[in-house]
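Just below is one structure, and these are the notes that go with it.
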Amino acid sequence: MCPPNGLNPPNVNPQNGWICNPPAPGQDGCQIVGCVEQFFNIDGQVPNGCECAGTPRVSSLATCSDFPQGYLGAVGEAEQLPNLVIGTIPLIDNGVGNGREDWFSVDFDENDANGTRPNTGSIRVSFAMNEGLDYRFEVYRSCNGIAFANSLATQYGVGAPPVREWMFFDNHASPLQMPDPAKYSDSVGWPNKVYIRVFRVQNDNTCNNYQLAIQRTNN
């Protein structure tokens with residue numbers, strides 16, 4: 001019978017979490033095939049059960065939405081979000097909406113600043129922690145949108161997605177004085193609200209952690 005006698009491994013799904021697959025008649029063949037939500041059996045060992053804790057769903061979302069579990073807060077000029085969740089996504093990304101991702105939302109109210117545009121501060125999203133450099137993120141204006149669409153990735157200093165750092169600012173010198181004038185436009189809409197999708201790109205099946213860093217500096 002599964003689990004093996006005398007063992008009570010943690011975080012195994014009590015419903016259909018086990019399978020009996022003995023290598024030979026009379027030998028123990030208990031294998032873990034299902035963990036409780038957001039726990040993962042990374043090492044494949046039975047005694048320690050599902051030992052890797054994924055990003056808690058009380059402070060993240062599995063899909064893009066405005067539900068409060070993924071809302072990180074509002075950031076005004078000269079502010080930084082404190083104590084952001086430490087997350088873990090053990091498996092490499094399998095595409096938007098397919099489960100191996102964490103979603104968050106943040107407000108950057110254009111009027112929450114010391115002046116009007118372009119004096120509304122500079123947005124910066126990066127990683128405070130990115131173990132193994134395993135994680136990247138994308139930024140969306142809406143849940144049904146496209147990553148970095150509507151000129152989110154045309155501001156000066158922004159690389160192509162996916163990224164480890166993203167900035168949005170429009171208090172530039174005149175375009176002709178910029179290193180790449182083609183990347184600047186003074187008609188780009190301010191991102192009052194953005195949705196952030198975090199995912200893993202390398203070192204599959206490991207329990208490395210990440211933590212976002214989100215701030216809005218003075219111009």
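If you're wondering about the labels, chains in the structure tokens are A, B, ... by order shown, residues count from 1 in each chain, ligands from 1 in order shown.
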
For Val198 (chain A): contacts at 6 Å, only C-alpha atoms, fewer than 5 positions along chain excluded, given as a list in words: Glu101, Asp102, Arg136 and Phe137 of chain A

Could you please take those selected residues and save C-alpha atoms as a PDB file, in the first residue's frame?
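This is the output file part-v1.pdb:
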ATOM      1  CA  GLU A 101       4.165  31.345 -14.623  1.00  0.00           C
ATOM      2  CA  ASP A 102       3.379  33.892 -11.918  1.00  0.00           C
ATOM      3  CA  ARG A 136      12.720  36.632 -16.868  1.00  0.00           C
ATOM      4  CA  PHE A 137       9.569  38.748 -16.998  1.00  0.00           C
TER       5      PHE A 137
END

Gln202 (chain A) environment, 12 Å, only C-alpha atoms, sequence neighbours closer than 5 positions dropped, as a list in words: Ile89, Pro90, Leu91, Ile92, Asp93, Asn94, Asn130, Glu131, Gly132, Leu133, Asp134, Tyr135, Arg136, Cys207 and Asn208 of chain A

Residues from the last selection, C-alpha atoms, saved as a tab-separated table (two decimals), in the first residue's frame:
chain	number	residue	atom	x	y	z
A	89	ILE	CA	8.61	28.35	-10.53
A	90	PRO	CA	10.37	24.96	-10.76
A	91	LEU	CA	9.69	24.22	-14.44
A	92	ILE	CA	10.75	26.05	-17.61
A	93	ASP	CA	8.12	28.23	-19.26
A	94	ASN	CA	5.58	26.45	-21.47
A	130	ASN	CA	17.26	35.86	-9.40
A	131	GLU	CA	19.04	32.66	-8.38
A	132	GLY	CA	20.95	31.10	-11.26
A	133	LEU	CA	19.68	33.94	-13.49
A	134	ASP	CA	16.85	31.52	-14.20
A	135	TYR	CA	13.99	34.02	-14.43
A	136	ARG	CA	12.72	36.63	-16.87
A	207	CYS	CA	13.87	25.12	-6.81
A	208	ASN	CA	15.72	28.42	-7.32

Residues near Gly29 (chain A), anyone? I mean within 10 Å using only C-alpha atoms, not counting same-chain ones fewer than 2 positions away, as an mmCIF file with N, CA and C atoms, in the first residue's frame.
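Final output, saved to part.cif:
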data_model
loop_
_atom_site.group_PDB
_atom_site.id
_atom_site.type_symbol
_atom_site.label_atom_id
_atom_site.label_comp_id
_atom_site.auth_asym_id
_atom_site.auth_seq_id
_atom_site.Cartn_x
_atom_site.Cartn_y
_atom_site.Cartn_z
ATOM 1 N N MET A 1 0.838 -1.195 0.000
ATOM 2 C CA MET A 1 0.000 0.000 0.000
ATOM 3 C C MET A 1 0.878 1.252 0.000
ATOM 4 N N CYS A 2 0.370 2.287 -0.587
ATOM 5 C CA CYS A 2 1.092 3.564 -0.624
ATOM 6 C C CYS A 2 0.381 4.572 0.279
ATOM 7 N N PRO A 3 1.171 5.403 0.999
ATOM 8 C CA PRO A 3 2.643 5.469 1.023
ATOM 9 C C PRO A 3 3.250 4.280 1.763
ATOM 10 N N PRO A 4 4.567 4.114 1.659
ATOM 11 C CA PRO A 4 5.224 2.996 2.327
ATOM 12 C C PRO A 4 4.981 3.035 3.835
ATOM 13 N N TRP A 18 -0.544 9.182 -5.317
ATOM 14 C CA TRP A 18 0.390 8.050 -5.348
ATOM 15 C C TRP A 18 0.054 7.094 -6.494
ATOM 16 N N ILE A 19 1.095 6.379 -6.920
ATOM 17 C CA ILE A 19 0.913 5.270 -7.844
ATOM 18 C C ILE A 19 1.817 4.135 -7.391
ATOM 19 N N CYS A 20 1.341 2.912 -7.524
ATOM 20 C CA CYS A 20 2.155 1.748 -7.165
ATOM 21 C C CYS A 20 2.738 1.158 -8.443
ATOM 22 N N ASN A 21 4.039 1.256 -8.578
ATOM 23 C CA ASN A 21 4.720 0.799 -9.797
ATOM 24 C C ASN A 21 5.977 0.042 -9.399
ATOM 25 N N PRO A 22 5.832 -1.152 -8.819
ATOM 26 C CA PRO A 22 6.996 -1.882 -8.307
ATOM 27 C C PRO A 22 7.922 -2.328 -9.430
ATOM 28 N N PRO A 23 9.242 -2.245 -9.210
ATOM 29 C CA PRO A 23 10.194 -2.683 -10.232
ATOM 30 C C PRO A 23 10.196 -4.192 -10.416
ATOM 31 N N ALA A 24 9.765 -4.928 -9.391
ATOM 32 C CA ALA A 24 9.711 -6.387 -9.476
ATOM 33 C C ALA A 24 8.681 -6.867 -8.458
ATOM 34 N N PRO A 25 8.110 -8.057 -8.644
ATOM 35 C CA PRO A 25 7.129 -8.561 -7.681
ATOM 36 C C PRO A 25 7.693 -8.581 -6.266
ATOM 37 N N GLY A 26 6.888 -8.068 -5.339
ATOM 38 C CA GLY A 26 7.292 -8.062 -3.945
ATOM 39 C C GLY A 26 8.117 -6.878 -3.529
ATOM 40 N N GLN A 27 8.532 -6.018 -4.456
ATOM 41 C CA GLN A 27 9.344 -4.845 -4.122
ATOM 42 C C GLN A 27 8.461 -3.604 -4.008
ATOM 43 N N GLN A 31 5.310 5.561 -5.845
ATOM 44 C CA GLN A 31 5.849 6.766 -6.468
ATOM 45 C C GLN A 31 4.863 7.915 -6.285
#

Pairwise distance for CA of Gly76 (chain A) and CA of Lys193 (chain A), rounded to one decimal in Å: 12.1 Å

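All residues of protein, DNA or RNA that reach within 7 Å of Ile123 (chain A), judged by only C-alpha atoms and not counting those fewer than 5 positions away in the chain, are Met167, Phe168, Phe169, Gln215, Arg216 and Thr217 of chain A.
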
Selection to disk with N, CA and C atoms, as a PDB file, in the first residue's frame:
ATOM      1  N   MET A 167      12.463  49.549 -17.870  1.00  0.00           N
ATOM      2  CA  MET A 167      12.319  50.920 -17.413  1.00  0.00           C
ATOM      3  C   MET A 167      11.353  51.659 -18.327  1.00  0.00           C
ATOM      4  N   PHE A 168      10.652  52.624 -17.734  1.00  0.00           N
ATOM      5  CA  PHE A 168       9.800  53.516 -18.514  1.00  0.00           C
ATOM      6  C   PHE A 168      10.024  54.927 -17.990  1.00  0.00           C
ATOM      7  N   PHE A 169      10.480  55.803 -18.860  1.00  0.00           N
ATOM      8  CA  PHE A 169      10.658  57.198 -18.469  1.00  0.00           C
ATOM      9  C   PHE A 169      10.623  58.061 -19.722  1.00  0.00           C
ATOM     10  N   GLN A 215      10.135  50.073  -8.387  1.00  0.00           N
ATOM     11  CA  GLN A 215      10.297  51.402  -7.826  1.00  0.00           C
ATOM     12  C   GLN A 215      10.001  52.470  -8.875  1.00  0.00           C
ATOM     13  N   ARG A 216       9.872  53.684  -8.364  1.00  0.00           N
ATOM     14  CA  ARG A 216       9.622  54.846  -9.231  1.00  0.00           C
ATOM     15  C   ARG A 216      10.478  55.991  -8.689  1.00  0.00           C
ATOM     16  N   THR A 217      11.512  56.333  -9.397  1.00  0.00           N
ATOM     17  CA  THR A 217      12.467  57.316  -8.932  1.00  0.00           C
ATOM     18  C   THR A 217      12.083  58.719  -9.403  1.00  0.00           C
TER      19      THR A 217
END

Residues near Ala128 (chain A), cut-off 10 Å, only C-alpha atoms, skip fewer than 5 positions along chain, as a PyMOL selection string: chain A and resi 84+86+210-214

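Between Ala113 (chain A) and the residues A:Val75, A:Val12, A:Val36, A:Leu61, the shortest atom-to-atom distance, using only C-alpha atoms, involves A:Val75.
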
DSSP strand (DSSP E) residues within region 22-214 of chain A, as a ChimeraX atom specification: /A:30-32,39-40,52-53,71-74,79-80,86-87,102-107,122-130,135-140,165-168,193-200,210-214

Any chance you can output those residues with N, CA and C atoms as a short mmCIF file (atom, residue, chain, number, x, y, z; two decimals), in the first residue's frame?
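Final output, again.cif:
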data_model
loop_
_atom_site.label_atom_id
_atom_site.label_comp_id
_atom_site.auth_asym_id
_atom_site.auth_seq_id
_atom_site.Cartn_x
_atom_site.Cartn_y
_atom_site.Cartn_z
N CYS A 30 6.08 2.41 -4.60
CA CYS A 30 5.31 3.65 -4.39
C CYS A 30 6.03 4.84 -5.01
N GLN A 31 5.31 5.56 -5.84
CA GLN A 31 5.85 6.77 -6.47
C GLN A 31 4.86 7.92 -6.28
N ILE A 32 5.39 9.12 -6.09
CA ILE A 32 4.56 10.32 -5.97
C ILE A 32 4.22 10.82 -7.37
N PHE A 39 3.19 22.87 -4.64
CA PHE A 39 4.32 22.11 -4.14
C PHE A 39 4.74 21.12 -5.21
N PHE A 40 6.06 20.83 -5.25
CA PHE A 40 6.62 20.05 -6.34
C PHE A 40 7.63 19.03 -5.81
N CYS A 52 9.57 21.04 -2.72
CA CYS A 52 9.81 22.38 -3.26
C CYS A 52 8.52 23.19 -3.22
N ALA A 53 8.54 24.30 -2.50
CA ALA A 53 7.36 25.17 -2.39
C ALA A 53 7.39 26.21 -3.50
N TYR A 71 -2.05 41.52 -6.69
CA TYR A 71 -1.86 42.97 -6.70
C TYR A 71 -0.75 43.36 -5.73
N LEU A 72 0.27 44.02 -6.25
CA LEU A 72 1.44 44.38 -5.43
C LEU A 72 1.31 45.76 -4.81
N GLY A 73 0.46 46.62 -5.35
CA GLY A 73 0.27 47.94 -4.76
C GLY A 73 0.42 49.05 -5.77
N ALA A 74 0.33 50.28 -5.27
CA ALA A 74 0.49 51.48 -6.07
C ALA A 74 1.82 52.13 -5.72
N GLU A 79 9.00 56.28 -4.62
CA GLU A 79 8.60 55.17 -3.77
C GLU A 79 9.09 53.85 -4.32
N GLN A 80 9.21 52.87 -3.43
CA GLN A 80 9.58 51.51 -3.81
C GLN A 80 8.71 50.54 -3.03
N ILE A 86 8.82 36.27 -2.28
CA ILE A 86 9.88 35.44 -2.87
C ILE A 86 9.21 34.28 -3.57
N GLY A 87 9.44 34.17 -4.87
CA GLY A 87 8.73 33.20 -5.69
C GLY A 87 9.61 32.09 -6.20
N ASP A 102 3.99 33.11 -12.99
CA ASP A 102 3.38 33.89 -11.92
C ASP A 102 2.98 35.24 -12.49
N TRP A 103 1.81 35.73 -12.06
CA TRP A 103 1.31 37.02 -12.55
C TRP A 103 1.12 37.98 -11.38
N PHE A 104 1.44 39.24 -11.66
CA PHE A 104 1.26 40.32 -10.68
C PHE A 104 0.73 41.56 -11.40
N SER A 105 0.16 42.47 -10.64
CA SER A 105 -0.25 43.77 -11.20
C SER A 105 0.23 44.89 -10.29
N VAL A 106 0.53 46.04 -10.89
CA VAL A 106 1.05 47.20 -10.16
C VAL A 106 0.43 48.46 -10.74
N ASP A 107 0.11 49.41 -9.88
CA ASP A 107 -0.39 50.72 -10.32
C ASP A 107 0.74 51.75 -10.26
N SER A 122 10.40 57.98 -12.94
CA SER A 122 10.81 56.91 -13.85
C SER A 122 10.49 55.56 -13.23
N ILE A 123 9.80 54.71 -13.95
CA ILE A 123 9.45 53.38 -13.48
C ILE A 123 10.61 52.42 -13.74
N ARG A 124 10.88 51.56 -12.76
CA ARG A 124 11.92 50.55 -12.95
C ARG A 124 11.47 49.25 -12.29
N VAL A 125 11.43 48.18 -13.09
CA VAL A 125 11.12 46.84 -12.60
C VAL A 125 12.31 45.96 -12.90
N SER A 126 12.79 45.24 -11.89
CA SER A 126 13.94 44.37 -12.06
C SER A 126 13.81 43.23 -11.06
N PHE A 127 14.88 42.47 -10.89
CA PHE A 127 14.92 41.40 -9.90
C PHE A 127 15.82 41.80 -8.74
N ALA A 128 15.28 41.76 -7.53
CA ALA A 128 16.12 41.88 -6.34
C ALA A 128 16.83 40.57 -6.07
N MET A 129 16.23 39.47 -6.50
CA MET A 129 16.82 38.13 -6.38
C MET A 129 16.46 37.34 -7.64
N ASN A 130 17.48 36.68 -8.21
CA ASN A 130 17.26 35.86 -9.40
C ASN A 130 18.30 34.75 -9.39
N TYR A 135 15.30 33.43 -14.21
CA TYR A 135 13.99 34.02 -14.43
C TYR A 135 14.04 35.25 -15.33
N ARG A 136 12.95 35.44 -16.06
CA ARG A 136 12.72 36.63 -16.87
C ARG A 136 11.28 37.09 -16.62
N PHE A 137 10.95 38.29 -17.12
CA PHE A 137 9.57 38.75 -17.00
C PHE A 137 9.16 39.53 -18.24
N GLU A 138 7.86 39.66 -18.40
CA GLU A 138 7.26 40.46 -19.45
C GLU A 138 6.28 41.44 -18.81
N VAL A 139 6.04 42.57 -19.49
CA VAL A 139 5.15 43.60 -18.98
C VAL A 139 4.02 43.82 -19.99
N TYR A 140 2.80 43.86 -19.48
CA TYR A 140 1.61 44.01 -20.31
C TYR A 140 0.80 45.23 -19.85
N GLU A 165 15.28 43.40 -16.64
CA GLU A 165 15.08 44.77 -16.18
C GLU A 165 14.26 45.53 -17.22
N TRP A 166 13.30 46.34 -16.74
CA TRP A 166 12.49 47.16 -17.63
C TRP A 166 12.34 48.53 -17.03
N MET A 167 12.46 49.55 -17.87
CA MET A 167 12.32 50.92 -17.41
C MET A 167 11.35 51.66 -18.33
N PHE A 168 10.65 52.62 -17.73
CA PHE A 168 9.80 53.52 -18.51
C PHE A 168 10.02 54.93 -17.99
N LYS A 193 -1.29 51.31 -15.15
CA LYS A 193 -1.37 49.97 -14.56
C LYS A 193 -0.68 49.00 -15.51
N VAL A 194 0.15 48.12 -14.94
CA VAL A 194 0.80 47.10 -15.75
C VAL A 194 0.61 45.74 -15.08
N TYR A 195 0.70 44.71 -15.90
CA TYR A 195 0.63 43.33 -15.46
C TYR A 195 1.98 42.67 -15.77
N ILE A 196 2.54 41.99 -14.81
CA ILE A 196 3.88 41.43 -14.93
C ILE A 196 3.79 39.91 -14.91
N ARG A 197 4.33 39.28 -15.92
CA ARG A 197 4.38 37.82 -16.01
C ARG A 197 5.82 37.36 -15.78
N VAL A 198 6.04 36.55 -14.74
CA VAL A 198 7.38 36.03 -14.41
C VAL A 198 7.42 34.55 -14.80
N PHE A 199 8.55 34.12 -15.36
CA PHE A 199 8.68 32.73 -15.79
C PHE A 199 10.14 32.32 -15.81
N ARG A 200 10.37 31.02 -15.85
CA ARG A 200 11.73 30.45 -15.85
C ARG A 200 12.18 30.15 -17.28
N TYR A 210 13.18 33.69 -6.88
CA TYR A 210 13.30 35.05 -7.43
C TYR A 210 12.52 36.00 -6.53
N GLN A 211 12.85 37.27 -6.64
CA GLN A 211 12.07 38.33 -5.99
C GLN A 211 12.14 39.57 -6.86
N LEU A 212 11.02 40.16 -7.16
CA LEU A 212 10.98 41.38 -7.96
C LEU A 212 11.39 42.60 -7.15
N ALA A 213 11.87 43.63 -7.84
CA ALA A 213 12.13 44.94 -7.25
C ALA A 213 11.40 45.96 -8.12
N ILE A 214 10.52 46.76 -7.50
CA ILE A 214 9.68 47.69 -8.26
C ILE A 214 9.76 49.06 -7.60
#

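For the pair CA of Glu37 (chain A) and CA of Ser65 (chain A), the interatomic distance is 19.1 Å.
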
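When only C-alpha atoms are used to measure the gap to Gly34 (chain A), the shortest distance among A:Arg100, A:Thr206, A:Arg164, A:Cys50 belongs to A:Cys50.
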
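Every protein, DNA or RNA residue with an atom at most 8 Å from Glu51 (chain A), where only C-alpha atoms count and chain neighbours fewer than 3 positions away do not, is listed here: Pro10, Asn11, Phe39, Phe40, Asn41, Ile42 and Asn48 of chain A.
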
Long-range neighbours of Asn192 (chain A) as a ChimeraX atom specification, 9 Å cut-off, only C-alpha atoms, 3 positions minimum in chain: /A:106-110,141,189

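Minimum atom-to-atom distances from A:Asp204, A:Thr63, A:Val33, A:Asp28 to Asn16 (chain A) were compared using only C-alpha atoms, and the lowest value belongs to A:Val33.
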